[in-house]
file input.txt (compact mmCIF, C-alpha atoms)
# COMPACT_ATOMS: atom_id res chain seq x y z
CA MET A 1033 21.47 26.69 31.03
CA ASN A 1034 19.75 29.13 33.34
CA SER A 1035 16.61 27.13 34.11
CA ALA A 1036 16.96 23.61 32.75
CA GLU A 1037 20.06 21.67 31.81
CA PRO A 1038 19.89 19.59 28.63
CA ALA A 1039 19.36 15.85 29.19
CA LEU A 1040 22.25 14.04 27.55
CA LEU A 1041 22.04 10.67 25.78
CA THR A 1042 25.77 10.09 26.02
CA THR A 1043 25.69 7.65 28.95
CA GLY A 1044 23.81 4.48 29.88
CA ASN A 1045 22.58 1.54 27.80
CA PRO A 1046 22.07 2.83 24.22
CA ALA A 1047 18.90 0.84 23.44
CA LYS A 1048 17.30 1.78 26.75
CA ARG A 1049 18.14 5.47 26.39
CA ILE A 1050 16.93 5.56 22.76
CA ILE A 1051 13.66 3.78 23.61
CA LEU A 1052 12.95 6.01 26.60
CA PHE A 1053 13.65 9.09 24.49
CA THR A 1054 11.50 7.68 21.67
CA LEU A 1055 8.40 6.97 23.79
CA PRO A 1056 7.22 10.59 24.17
CA ILE A 1057 8.04 11.26 20.51
CA PHE A 1058 6.07 8.17 19.51
CA ALA A 1059 3.17 9.15 21.74
CA GLY A 1060 3.08 12.60 20.17
CA ASP A 1061 3.36 11.16 16.66
CA PHE A 1062 0.64 8.64 17.48
CA LEU A 1063 -1.68 11.41 18.57
CA HIS A 1064 -0.92 13.28 15.35
CA THR A 1065 -1.70 10.13 13.37
CA PHE A 1066 -4.84 9.61 15.44
CA TYR A 1067 -5.88 13.14 14.55
CA SER A 1068 -5.21 12.41 10.88
CA MET A 1069 -7.41 9.33 11.17
CA ALA A 1070 -10.12 11.24 13.01
CA ASP A 1071 -9.94 13.99 10.39
CA ALA A 1072 -10.34 11.44 7.60
CA PHE A 1073 -13.25 9.85 9.47
CA ILE A 1074 -15.05 13.18 9.86
CA VAL A 1075 -14.38 14.25 6.26
CA GLY A 1076 -15.30 10.83 4.83
CA ARG A 1077 -18.51 10.47 6.81
CA TRP A 1078 -19.77 14.08 6.56
CA LEU A 1079 -18.40 15.17 3.17
CA GLY A 1080 -18.52 11.77 1.45
CA ILE A 1081 -16.14 9.91 -0.85
CA ASN A 1082 -15.49 13.01 -2.98
CA GLY A 1083 -14.63 15.08 0.09
CA LEU A 1084 -12.13 12.47 1.24
CA ALA A 1085 -10.74 12.22 -2.29
CA ALA A 1086 -10.30 16.02 -2.46
CA VAL A 1087 -8.21 16.01 0.71
CA GLY A 1088 -6.28 12.99 -0.57
CA ALA A 1089 -5.53 14.61 -3.91
CA GLY A 1090 -4.23 17.75 -2.21
CA ALA A 1091 -2.38 15.84 0.52
CA SER A 1092 0.61 14.96 -1.66
CA LEU A 1093 1.25 18.65 -2.40
CA VAL A 1094 0.80 19.55 1.27
CA GLN A 1095 3.16 16.73 2.23
CA PHE A 1096 5.73 18.10 -0.20
CA MET A 1097 5.71 21.41 1.67
CA PHE A 1098 5.74 19.76 5.10
CA SER A 1099 8.62 17.47 4.14
CA PHE A 1100 10.71 20.45 3.04
CA VAL A 1101 9.90 22.25 6.29
CA ILE A 1102 10.67 19.20 8.47
CA GLY A 1103 13.94 18.58 6.67
CA LEU A 1104 14.96 22.24 6.82
CA THR A 1105 14.28 22.71 10.53
CA GLY A 1106 15.67 19.25 11.26
CA GLY A 1107 18.98 20.28 9.70
CA PHE A 1108 19.11 23.46 11.78
CA VAL A 1109 18.35 21.49 14.95
CA VAL A 1110 21.08 18.90 14.25
CA ILE A 1111 23.67 21.70 14.51
CA THR A 1112 22.09 22.87 17.78
CA THR A 1113 22.04 19.31 19.14
CA GLN A 1114 25.70 18.73 18.34
CA ARG A 1115 26.58 21.86 20.30
CA VAL A 1116 24.50 20.61 23.23
CA GLY A 1117 26.67 17.47 23.19
CA GLU A 1118 29.79 19.66 23.11
CA GLY A 1119 28.53 21.81 26.01
CA ASN A 1120 29.01 24.93 23.86
CA ALA A 1121 26.64 27.48 25.45
CA GLU A 1122 27.46 30.34 23.08
CA GLY A 1123 27.26 28.01 20.08
CA ILE A 1124 23.78 26.83 21.16
CA ARG A 1125 22.48 30.41 21.28
CA ARG A 1126 24.03 31.34 17.94
CA SER A 1127 22.60 28.20 16.37
CA ALA A 1128 19.12 29.00 17.68
CA ALA A 1129 19.36 32.55 16.32
CA ALA A 1130 20.50 31.34 12.91
CA GLY A 1131 17.66 28.79 12.76
CA ILE A 1132 15.01 31.37 13.68
CA MET A 1133 16.20 33.97 11.16
CA LEU A 1134 16.76 31.55 8.29
CA SER A 1135 13.35 29.97 8.87
CA ALA A 1136 11.66 33.37 8.54
CA ILE A 1137 13.42 34.13 5.25
CA LEU A 1138 12.78 30.72 3.71
CA THR A 1139 9.13 30.68 4.82
CA ALA A 1140 8.51 33.95 2.95
CA VAL A 1141 10.22 32.58 -0.16
CA LEU A 1142 8.24 29.32 -0.11
CA MET A 1143 4.88 31.05 0.32
CA ALA A 1144 5.56 33.56 -2.44
CA ALA A 1145 6.62 30.79 -4.81
CA LEU A 1146 3.88 28.26 -4.08
CA LEU A 1147 0.63 30.18 -3.52
CA PRO A 1148 0.18 31.38 -7.15
CA LEU A 1149 1.00 27.93 -8.54
CA ILE A 1150 -1.38 25.73 -6.55
CA PRO A 1151 -4.26 25.61 -9.10
CA ARG A 1152 -1.85 24.91 -11.96
CA ILE A 1153 -0.04 22.17 -10.06
CA LEU A 1154 -3.25 20.36 -9.11
CA ALA A 1155 -4.52 20.65 -12.68
CA ALA A 1156 -1.23 19.28 -14.02
CA MET A 1157 -1.61 16.36 -11.61
CA ARG A 1158 -4.84 15.42 -13.41
CA THR A 1159 -6.97 15.95 -10.33
CA PRO A 1160 -10.55 14.88 -11.28
CA ALA A 1161 -12.86 17.77 -12.14
CA GLU A 1162 -15.40 16.87 -9.45
CA ILE A 1163 -12.86 17.37 -6.62
CA ILE A 1164 -10.27 19.88 -7.89
CA GLY A 1165 -12.06 22.96 -6.50
CA ASN A 1166 -12.05 21.58 -2.96
CA SER A 1167 -8.46 20.40 -3.34
CA ILE A 1168 -7.36 23.92 -4.35
CA ASN A 1169 -9.13 25.42 -1.32
CA TYR A 1170 -7.55 22.92 1.06
CA VAL A 1171 -3.96 23.34 -0.19
CA THR A 1172 -4.20 27.15 -0.44
CA ILE A 1173 -5.32 27.58 3.19
CA ILE A 1174 -2.61 25.21 4.48
CA THR A 1175 0.07 27.04 2.46
CA ALA A 1176 -1.07 30.40 3.81
CA GLY A 1177 -0.31 29.09 7.32
CA LEU A 1178 3.11 27.66 6.44
CA ALA A 1179 4.94 29.89 8.95
CA VAL A 1180 3.11 28.22 11.80
CA PHE A 1181 4.26 24.77 10.72
CA ILE A 1182 7.90 25.73 10.24
CA TYR A 1183 8.19 27.39 13.65
CA SER A 1184 6.34 24.68 15.55
CA ASN A 1185 8.82 22.16 14.09
CA LEU A 1186 11.82 24.38 14.82
CA LEU A 1187 10.89 25.24 18.41
CA SER A 1188 9.86 21.71 19.36
CA GLY A 1189 13.15 20.59 17.78
CA PHE A 1190 15.07 22.92 20.11
CA ILE A 1191 13.32 21.37 23.12
CA GLN A 1192 14.20 17.87 21.89
CA ALA A 1193 17.79 18.99 21.23
CA GLY A 1194 18.00 19.63 24.96
CA GLY A 1195 17.02 16.00 25.58
CA ASN A 1196 13.35 16.70 26.44
CA SER A 1197 11.00 14.77 24.18
CA PHE A 1198 8.15 14.63 26.73
CA THR A 1199 7.12 18.29 26.70
CA PRO A 1200 6.49 18.48 22.91
CA PHE A 1201 4.38 15.33 23.36
CA LEU A 1202 2.18 17.11 25.90
CA PHE A 1203 1.78 20.05 23.57
CA MET A 1204 0.83 17.65 20.77
CA ILE A 1205 -1.92 16.18 22.97
CA LEU A 1206 -3.47 19.59 23.46
CA ALA A 1207 -3.14 20.47 19.78
CA ASN A 1208 -4.76 17.25 18.58
CA ILE A 1209 -7.65 17.59 21.00
CA CYS A 1210 -8.10 21.14 19.74
CA ASN A 1211 -7.91 19.96 16.13
CA ILE A 1212 -10.57 17.30 16.49
CA ILE A 1213 -12.91 19.69 18.32
CA LEU A 1214 -12.43 22.34 15.64
CA ASP A 1215 -12.96 19.76 12.88
CA ILE A 1216 -16.33 18.86 14.35
CA LEU A 1217 -17.20 22.52 14.93
CA PHE A 1218 -16.13 23.77 11.47
CA ILE A 1219 -17.27 20.79 9.36
CA VAL A 1220 -20.26 19.34 11.19
CA VAL A 1221 -21.71 22.40 12.95
CA PHE A 1222 -20.70 25.36 10.74
CA SER A 1223 -20.68 23.36 7.46
CA TRP A 1224 -17.46 24.97 6.24
CA GLY A 1225 -16.49 21.82 4.34
CA ILE A 1226 -12.88 21.34 3.23
CA ARG A 1227 -11.99 24.90 4.28
CA GLY A 1228 -12.96 23.99 7.84
CA ALA A 1229 -10.60 21.00 7.89
CA ALA A 1230 -7.68 23.17 6.72
CA ALA A 1231 -8.46 26.00 9.17
CA ALA A 1232 -8.65 23.55 12.09
CA THR A 1233 -5.19 22.23 11.22
CA ILE A 1234 -3.60 25.69 11.15
CA ILE A 1235 -5.19 26.84 14.42
CA SER A 1236 -4.11 23.71 16.31
CA GLU A 1237 -0.55 23.93 14.96
CA SER A 1238 -0.45 27.57 16.10
CA LEU A 1239 -1.16 26.31 19.60
CA VAL A 1240 1.91 24.02 19.46
CA CYS A 1241 4.07 26.91 18.26
CA LEU A 1242 2.91 29.21 21.05
CA LEU A 1243 3.35 26.62 23.79
CA CYS A 1244 6.86 25.69 22.61
CA ALA A 1245 7.88 29.37 22.59
CA ILE A 1246 6.59 29.87 26.13
CA TYR A 1247 8.33 26.73 27.38
CA LEU A 1248 11.68 27.69 25.87
CA THR A 1249 11.42 31.17 27.36
CA ARG A 1250 10.71 29.86 30.85
CA HIS A 1251 12.67 26.61 31.10
CA PHE A 1252 15.39 26.46 28.41
CA ARG A 1253 16.68 29.99 28.59
CA GLY A 1254 20.12 28.83 27.51
CA PHE A 1255 18.67 28.42 24.00
CA LEU A 1256 17.52 32.07 23.90
CA PRO A 1257 19.88 34.22 21.81
CA HIS A 1258 21.54 37.27 23.33
CA LYS A 1259 21.68 40.54 21.42
CA GLN A 1260 25.04 39.74 19.82
CA ASP A 1261 23.86 36.28 18.75
CA TRP A 1262 21.44 37.79 16.23
CA ARG A 1263 24.45 38.65 14.06
CA PRO A 1264 25.61 35.09 13.33
CA GLY A 1265 27.65 35.99 10.24
CA TRP A 1266 27.92 34.25 6.91
CA SER A 1267 29.90 31.31 8.30
CA GLU A 1268 27.25 30.44 10.89
CA ALA A 1269 24.42 30.92 8.39
CA GLY A 1270 26.27 28.81 5.84
CA VAL A 1271 26.73 25.88 8.23
CA HIS A 1272 23.01 25.82 9.03
CA LEU A 1273 21.86 26.39 5.46
CA SER A 1274 24.16 23.67 4.17
CA LEU A 1275 22.72 20.94 6.40
CA GLY A 1276 19.17 22.36 6.47
CA ILE A 1277 18.85 22.61 2.69
CA ALA A 1278 20.49 19.21 2.27
CA MET A 1279 17.96 17.53 4.59
CA ALA A 1280 15.09 19.53 3.07
CA LEU A 1281 16.10 18.48 -0.44
CA GLN A 1282 16.48 14.89 0.66
CA ARG A 1283 12.92 14.86 1.97
CA SER A 1284 11.33 17.00 -0.74
CA ILE A 1285 13.02 15.11 -3.58
CA VAL A 1286 11.09 12.10 -2.33
CA GLU A 1287 7.87 14.08 -2.36
CA VAL A 1288 8.41 15.14 -6.00
CA GLY A 1289 8.23 11.45 -6.83
CA ASN A 1290 5.11 11.14 -4.69
CA LEU A 1291 3.50 14.01 -6.62
CA LEU A 1292 4.10 12.09 -9.85
CA VAL A 1293 2.66 8.94 -8.30
CA GLN A 1294 -0.39 10.92 -7.16
CA ALA A 1295 -0.84 12.28 -10.68
CA ALA A 1296 -0.72 8.75 -12.11
CA MET A 1297 -3.12 7.52 -9.44
CA ASN A 1298 -5.54 10.40 -10.10
CA SER A 1299 -6.11 8.94 -13.56
CA LEU A 1300 -7.63 5.86 -11.86
CA GLY A 1301 -10.55 7.94 -10.56
CA ALA A 1302 -11.98 9.43 -7.36
CA LEU A 1303 -12.86 6.02 -5.86
CA THR A 1304 -9.21 4.90 -6.00
CA ILE A 1305 -8.01 8.25 -4.60
CA ALA A 1306 -10.42 7.93 -1.66
CA ALA A 1307 -9.40 4.28 -1.03
CA VAL A 1308 -5.69 5.14 -1.00
CA SER A 1309 -6.33 8.23 1.14
CA ALA A 1310 -8.01 6.01 3.75
CA ALA A 1311 -5.32 3.32 3.48
CA GLN A 1312 -2.56 5.88 3.92
CA ARG A 1313 -3.94 6.70 7.37
CA ILE A 1314 -3.34 3.06 8.33
CA ARG A 1315 0.01 3.11 6.54
CA GLY A 1316 0.92 6.11 8.68
CA LEU A 1317 0.13 4.05 11.77
CA ASN A 1318 2.41 1.28 10.46
CA MET A 1319 5.30 3.65 9.76
CA LEU A 1320 4.87 5.69 12.93
CA PRO A 1321 7.22 3.81 15.32
CA PHE A 1322 9.98 3.74 12.71
CA PHE A 1323 9.89 7.50 12.16
CA SER A 1324 9.75 8.13 15.92
CA LEU A 1325 12.76 5.86 16.49
CA SER A 1326 14.67 7.57 13.69
CA ARG A 1327 14.09 11.02 15.16
CA ALA A 1328 15.33 9.82 18.55
CA LEU A 1329 18.35 8.19 16.92
CA THR A 1330 19.26 11.44 15.14
CA THR A 1331 19.34 13.27 18.49
CA TYR A 1332 21.23 10.38 20.12
CA THR A 1333 23.80 10.30 17.30
CA ALA A 1334 24.27 14.08 17.19
CA GLN A 1335 24.84 14.34 20.95
CA ASN A 1336 27.30 11.43 21.01
CA TYR A 1337 29.09 12.80 17.95
CA GLY A 1338 29.49 16.11 19.74
CA ALA A 1339 30.85 14.16 22.73
CA LYS A 1340 33.19 12.18 20.40
CA LYS A 1341 31.76 8.77 21.36
CA MET A 1342 31.76 6.95 18.02
CA ASP A 1343 31.73 3.42 19.47
CA ARG A 1344 28.57 4.30 21.37
CA ILE A 1345 26.98 5.62 18.16
CA TYR A 1346 27.60 2.32 16.35
CA LYS A 1347 26.16 0.31 19.21
CA GLY A 1348 23.00 2.45 19.19
CA ILE A 1349 22.58 2.06 15.43
CA PHE A 1350 22.70 -1.73 15.48
CA GLN A 1351 20.44 -2.03 18.51
CA THR A 1352 17.90 0.26 16.85
CA GLY A 1353 18.06 -1.84 13.67
CA ALA A 1354 17.17 -4.97 15.65
CA ILE A 1355 14.19 -3.19 17.21
CA THR A 1356 12.86 -2.18 13.79
CA VAL A 1357 12.80 -5.79 12.54
CA GLY A 1358 10.66 -6.85 15.49
CA LEU A 1359 8.30 -3.93 14.92
CA GLY A 1360 7.97 -4.89 11.25
CA VAL A 1361 6.74 -8.38 12.15
CA PHE A 1362 4.18 -6.89 14.54
CA MET A 1363 2.83 -4.49 11.89
CA ALA A 1364 2.44 -7.31 9.34
CA ILE A 1365 0.30 -9.29 11.82
CA LEU A 1366 -1.75 -6.21 12.78
CA ASN A 1367 -2.60 -5.38 9.16
CA ARG A 1368 -3.53 -8.97 8.38
CA LEU A 1369 -5.92 -9.30 11.31
CA ALA A 1370 -7.53 -5.85 11.43
CA GLY A 1371 -6.95 -4.25 8.00
CA ASN A 1372 -10.50 -4.48 6.62
CA PHE A 1373 -12.05 -3.17 9.81
CA MET A 1374 -9.69 -0.19 10.03
CA VAL A 1375 -10.20 1.06 6.47
CA SER A 1376 -13.97 0.59 6.67
CA LEU A 1377 -14.03 3.24 9.42
CA PHE A 1378 -13.26 5.87 6.79
CA LEU A 1379 -14.99 4.40 3.75
CA GLY A 1380 -18.23 3.16 5.31
CA SER A 1381 -20.11 0.50 3.36
CA ASN A 1382 -18.44 1.14 -0.01
CA SER A 1383 -17.15 -2.41 -0.52
CA ASP A 1384 -15.12 -1.60 -3.65
CA ALA A 1385 -13.17 1.14 -1.90
CA VAL A 1386 -12.67 -1.02 1.21
CA ALA A 1387 -11.26 -3.90 -0.88
CA LEU A 1388 -8.76 -1.59 -2.61
CA ALA A 1389 -7.66 0.01 0.66
CA ALA A 1390 -7.23 -3.37 2.38
CA GLN A 1391 -5.05 -4.59 -0.50
CA TYR A 1392 -2.88 -1.49 -0.21
CA ILE A 1393 -2.16 -1.89 3.51
CA THR A 1394 -1.44 -5.61 3.08
CA PHE A 1395 1.51 -4.71 0.85
CA THR A 1396 2.60 -2.10 3.42
CA GLY A 1397 2.44 -4.48 6.38
CA TYR A 1398 4.61 -7.15 4.82
CA THR A 1399 7.34 -4.73 3.75
CA VAL A 1400 7.42 -1.91 6.31
CA TYR A 1401 10.48 -3.37 8.09
CA ILE A 1402 12.50 -2.32 5.00
CA LEU A 1403 11.54 1.27 5.78
CA GLY A 1404 12.59 0.86 9.41
CA ILE A 1405 16.08 -0.35 8.53
CA MET A 1406 16.54 2.39 5.94
CA LEU A 1407 15.44 5.12 8.38
CA THR A 1408 17.83 3.80 11.04
CA PHE A 1409 20.86 4.31 8.81
CA ARG A 1410 19.59 7.58 7.33
CA SER A 1411 18.92 9.21 10.70
CA ALA A 1412 22.31 8.10 12.04
CA LEU A 1413 24.14 9.61 9.05
CA GLN A 1414 22.14 12.83 9.43
CA GLY A 1415 23.04 12.98 13.11
CA LEU A 1416 26.69 12.76 12.07
CA GLY A 1417 26.13 15.77 9.82
CA MET A 1418 26.57 13.81 6.58
CA LYS A 1419 24.65 15.23 3.63
CA THR A 1420 25.47 13.39 0.40
CA ALA A 1421 24.21 9.89 1.22
CA PRO A 1422 20.82 11.05 2.59
CA ILE A 1423 20.31 13.20 -0.52
CA LEU A 1424 21.15 10.22 -2.76
CA CYS A 1425 18.70 8.22 -0.67
CA GLY A 1426 15.98 10.69 -1.67
CA VAL A 1427 17.11 10.59 -5.30
CA MET A 1428 16.84 6.78 -5.39
CA GLU A 1429 13.36 6.89 -3.86
CA THR A 1430 12.32 9.50 -6.40
CA VAL A 1431 13.66 7.41 -9.28
CA MET A 1432 11.53 4.48 -8.13
CA SER A 1433 8.49 6.75 -7.82
CA ILE A 1434 9.04 8.02 -11.37
CA LEU A 1435 9.25 4.43 -12.64
CA ALA A 1436 6.04 3.67 -10.79
CA ALA A 1437 4.27 6.74 -12.18
CA PHE A 1438 5.23 6.11 -15.80
CA ILE A 1439 5.55 2.31 -15.95
CA LEU A 1440 4.11 0.36 -13.00
CA ILE A 1441 0.79 2.18 -12.50
CA PRO A 1442 -0.07 2.56 -16.22
CA ARG A 1443 0.66 -1.15 -16.81
CA LEU A 1444 -0.42 -2.77 -13.53
CA GLY A 1445 -3.08 -0.33 -12.34
CA PHE A 1446 -3.76 -0.49 -8.61
CA ILE A 1447 -1.14 -3.20 -8.01
CA GLY A 1448 1.41 -0.68 -9.27
CA VAL A 1449 0.19 1.81 -6.66
CA CYS A 1450 0.68 -0.84 -3.94
CA LEU A 1451 4.25 -1.57 -5.07
CA VAL A 1452 5.46 2.04 -5.00
CA ASN A 1453 6.40 2.24 -1.32
CA PRO A 1454 8.16 -1.13 -0.89
CA LEU A 1455 10.29 -0.63 -4.01
CA SER A 1456 11.13 2.95 -3.04
CA TRP A 1457 12.19 1.93 0.48
CA LEU A 1458 14.36 -0.84 -0.94
CA ALA A 1459 16.11 1.38 -3.49
CA SER A 1460 16.60 4.36 -1.20
CA GLY A 1461 18.60 2.32 1.30
CA ILE A 1462 21.37 1.48 -1.18
CA PRO A 1463 23.44 4.72 -0.89
CA LEU A 1464 22.97 4.74 2.88
CA TYR A 1465 24.34 1.23 3.34
CA ILE A 1466 27.29 2.00 1.07
CA ALA A 1467 28.06 5.22 2.96
CA PHE A 1468 27.81 3.49 6.31
CA GLY A 1469 30.05 0.67 5.12
CA LEU A 1470 32.70 3.17 4.00
CA LEU A 1471 32.41 5.05 7.29
CA ASN A 1472 32.81 1.83 9.28
CA LYS A 1473 35.81 0.79 7.18
CA LYS A 1474 37.47 4.17 7.84
CA ARG A 1475 36.80 3.74 11.57
CA LEU A 1476 38.37 0.28 11.64
CA ILE A 1477 41.46 1.52 9.79
CA GLU A 1478 41.88 4.44 12.19
CA ASN A 1479 41.55 2.16 15.19
call {"tool": "encode", "arguments": {"input": "input.txt", "output": "structure tokens"}}
result
Amino acid sequence: MNSAEPALLTTGNPAKRIILFTLPIFAGDFLHTFYSMADAFIVGRWLGINGLAAVGAGASLVQFMFSFVIGLTGGFVVITTQRVGEGNAEGIRRSAAAGIMLSAILTAVLMAALLPLIPRILAAMRTPAEIIGNSINYVTIITAGLAVFIYSNLLSGFIQAGGNSFTPFLFMILANICNIILDILFIVVFSWGIRGAAAATIISESLVCLLCAIYLTRHFRGFLPHKQDWRPGWSEAGVHLSLGIAMALQRSIVEVGNLLVQAAMNSLGALTIAAVSAAQRIRGLNMLPFFSLSRALTTYTAQNYGAKKMDRIYKGIFQTGAITVGLGVFMAILNRLAGNFMVSLFLGSNSDAVALAAQYITFTGYTVYILGIMLTFRSALQGLGMKTAPILCGVMETVMSILAAFILIPRLGFIGVCLVNPLSWLASGIPLYIAFGLLNKKRLIEN
């Protein structure tokens, strides 16, 4: 690299290196979650229960798009990270070029496909009449800015591929501060309503994208493609598309199930939608350390796979799994002691909504360790470049969501809504554990 050498995770104590690499990622993710909570607070307090419900009803569709984007760029970055572990300078540049070009093409396709369908999708999801107009506005504005989200994920992924998770964290701080300020300005001062919340999100994400581009240009010049690297060829494009689409499908398949769950939940009314929307902010706080750890483990696994250190990969996986169990116990205690207080921040004095939201996060707190274990194995397999098991993981989670949408929620009502996540996490781990067992058996035979 011309300005900054990649930081490798191929030496030292695995748990220590993974935790240290996770901390900036976690801090950045925490700030993003804090923004999400602040956004819900501002929307709930200034636009009321229906305003919060409108964002909540549209959030599942937005999350579908974001999950596809995160999976797609994550797949591209895994290839780049493996080449960092190999020390393949030309391969790093060609990978970056392929990721940038493919992202541009797929962004255009996604926007063209989704923008005309947003009103129909939200109507098909049985979004209540009193909130559907605001939901359409929110999702349409976010979709129009999809390019910003895909490139902020891709460029920050390149920086993390080089072993630097701290710089994207700093950029996230600035973006979240900007987002909260713009939320207050657009919603409270200018009275732009739901449109203001969506516009604030796009502008702040644009800031992340710009800062990442500047940082790569100045400090990680080894990731910048040369003229000849912009002609990667079908083979290079195919490698990136194969893993990128596989990870995107794995994540978006899950979100299809979530869309069905949202549609079933919409039939329970705006009060329930608002309660779950508030509770999901707390659920996001619960899940946050597990997703941060899994992202760090993917980078760790990919670098060590490139360096051909399989024994070190296995040690990191099992140490990460032990950490997730301890975190799960902590989250259960936190939800039990502070759940009612946290959800009341968004829902005010509406006791019915607070009771529903508190019940939802109680279920989450007692079962979130299942998610942590599942993510540990999924991220490790993705770091190894494996595609089938993670996709089957998404299929299993979607199957459980479909069962919840058509059986659990219609029969059990809100209890069915609370059971969706724990059952999905449990089912989605099955193909991962089988794949890992087969991989470990092959390793033992070869040794």
call {"tool": "atom_distance", "arguments": {"input": "input.txt", "atom1": "atom CA of Gly1103 of chain A", "atom2": "atom CA of Leu1273 of chain A"}}
result
11.2 Å
call {"tool": "closest_atom_pairs", "arguments": {"input": "input.txt", "of": "segment 1229-1309 of chain A", "to": "segment 1156-1168 of chain A", "cutoff": "10 Å", "atoms": "only C-alpha atoms", "output": "CSV"}}
result
residue,atom,partner,partner_atom,distance
A:Leu1291,CA,A:Met1157,CA,7.5
A:Leu1292,CA,A:Met1157,CA,7.3
A:Val1293,CA,A:Met1157,CA,9.2
A:Gln1294,CA,A:Met1157,CA,7.1
A:Ala1295,CA,A:Met1157,CA,4.3
A:Ala1296,CA,A:Met1157,CA,7.7
A:Met1297,CA,A:Arg1158,CA,9.0
A:Asn1298,CA,A:Thr1159,CA,5.7
A:Ser1299,CA,A:Arg1158,CA,6.6
A:Leu1300,CA,A:Pro1160,CA,9.5
A:Gly1301,CA,A:Pro1160,CA,7.0
A:Ala1302,CA,A:Pro1160,CA,6.9
A:Ile1305,CA,A:Thr1159,CA,9.7
call {"tool": "residues_around", "arguments": {"input": "input.txt", "residues": "Leu1416 of chain A", "least_positions_apart": "6", "cutoff": "12 Å", "atoms": "all atoms listed in the file", "output": "list in words"}}
result
Gly1107, Val1110, Ile1111, Thr1113, Gln1114, Leu1275, Leu1329, Thr1330, Thr1331, Tyr1332, Thr1333, Ala1334, Gln1335, Asn1336, Tyr1337, Gly1338, Ala1339, Lys1340, Lys1341, Met1342, Ile1345, Tyr1346, Ile1349, Phe1409, Arg1410, Pro1422, Ala1467, Phe1468 and Leu1471 of chain A
call {"tool": "residues_near_point", "arguments": {"input": "input.txt", "point": "(12.5, 9.9, -7.7)", "cutoff": "9 Å", "atoms": "all atoms listed in the file", "output": "PyMOL selection string"}}
result
chain A and resi 1285-1290+1292+1426-1435+1456
call {"tool": "closest_atom_pairs", "arguments": {"input": "input.txt", "of": "segment 1049-1117 of chain A", "to": "segment 1351-1375 of chain A", "cutoff": "12 Å", "atoms": "all atoms listed in the file", "output": "JSON lines"}}
result
{"residue": "A:Arg1049", "atom": "CA", "partner": "A:Thr1352", "partner_atom": "CA", "distance": 10.9}
{"residue": "A:Ile1050", "atom": "CA", "partner": "A:Thr1352", "partner_atom": "CA", "distance": 8.0}
{"residue": "A:Ile1051", "atom": "CA", "partner": "A:Thr1352", "partner_atom": "CA", "distance": 8.7}
{"residue": "A:Thr1054", "atom": "CA", "partner": "A:Thr1352", "partner_atom": "CA", "distance": 10.9}
{"residue": "A:Met1069", "atom": "CA", "partner": "A:Met1374", "partner_atom": "CA", "distance": 9.9}
{"residue": "A:Ala1070", "atom": "CA", "partner": "A:Met1374", "partner_atom": "CA", "distance": 11.8}
{"residue": "A:Ala1072", "atom": "CA", "partner": "A:Val1375", "partner_atom": "CA", "distance": 10.4}
{"residue": "A:Phe1073", "atom": "CA", "partner": "A:Val1375", "partner_atom": "CA", "distance": 9.8}
{"residue": "A:Gly1076", "atom": "CA", "partner": "A:Val1375", "partner_atom": "CA", "distance": 11.1}
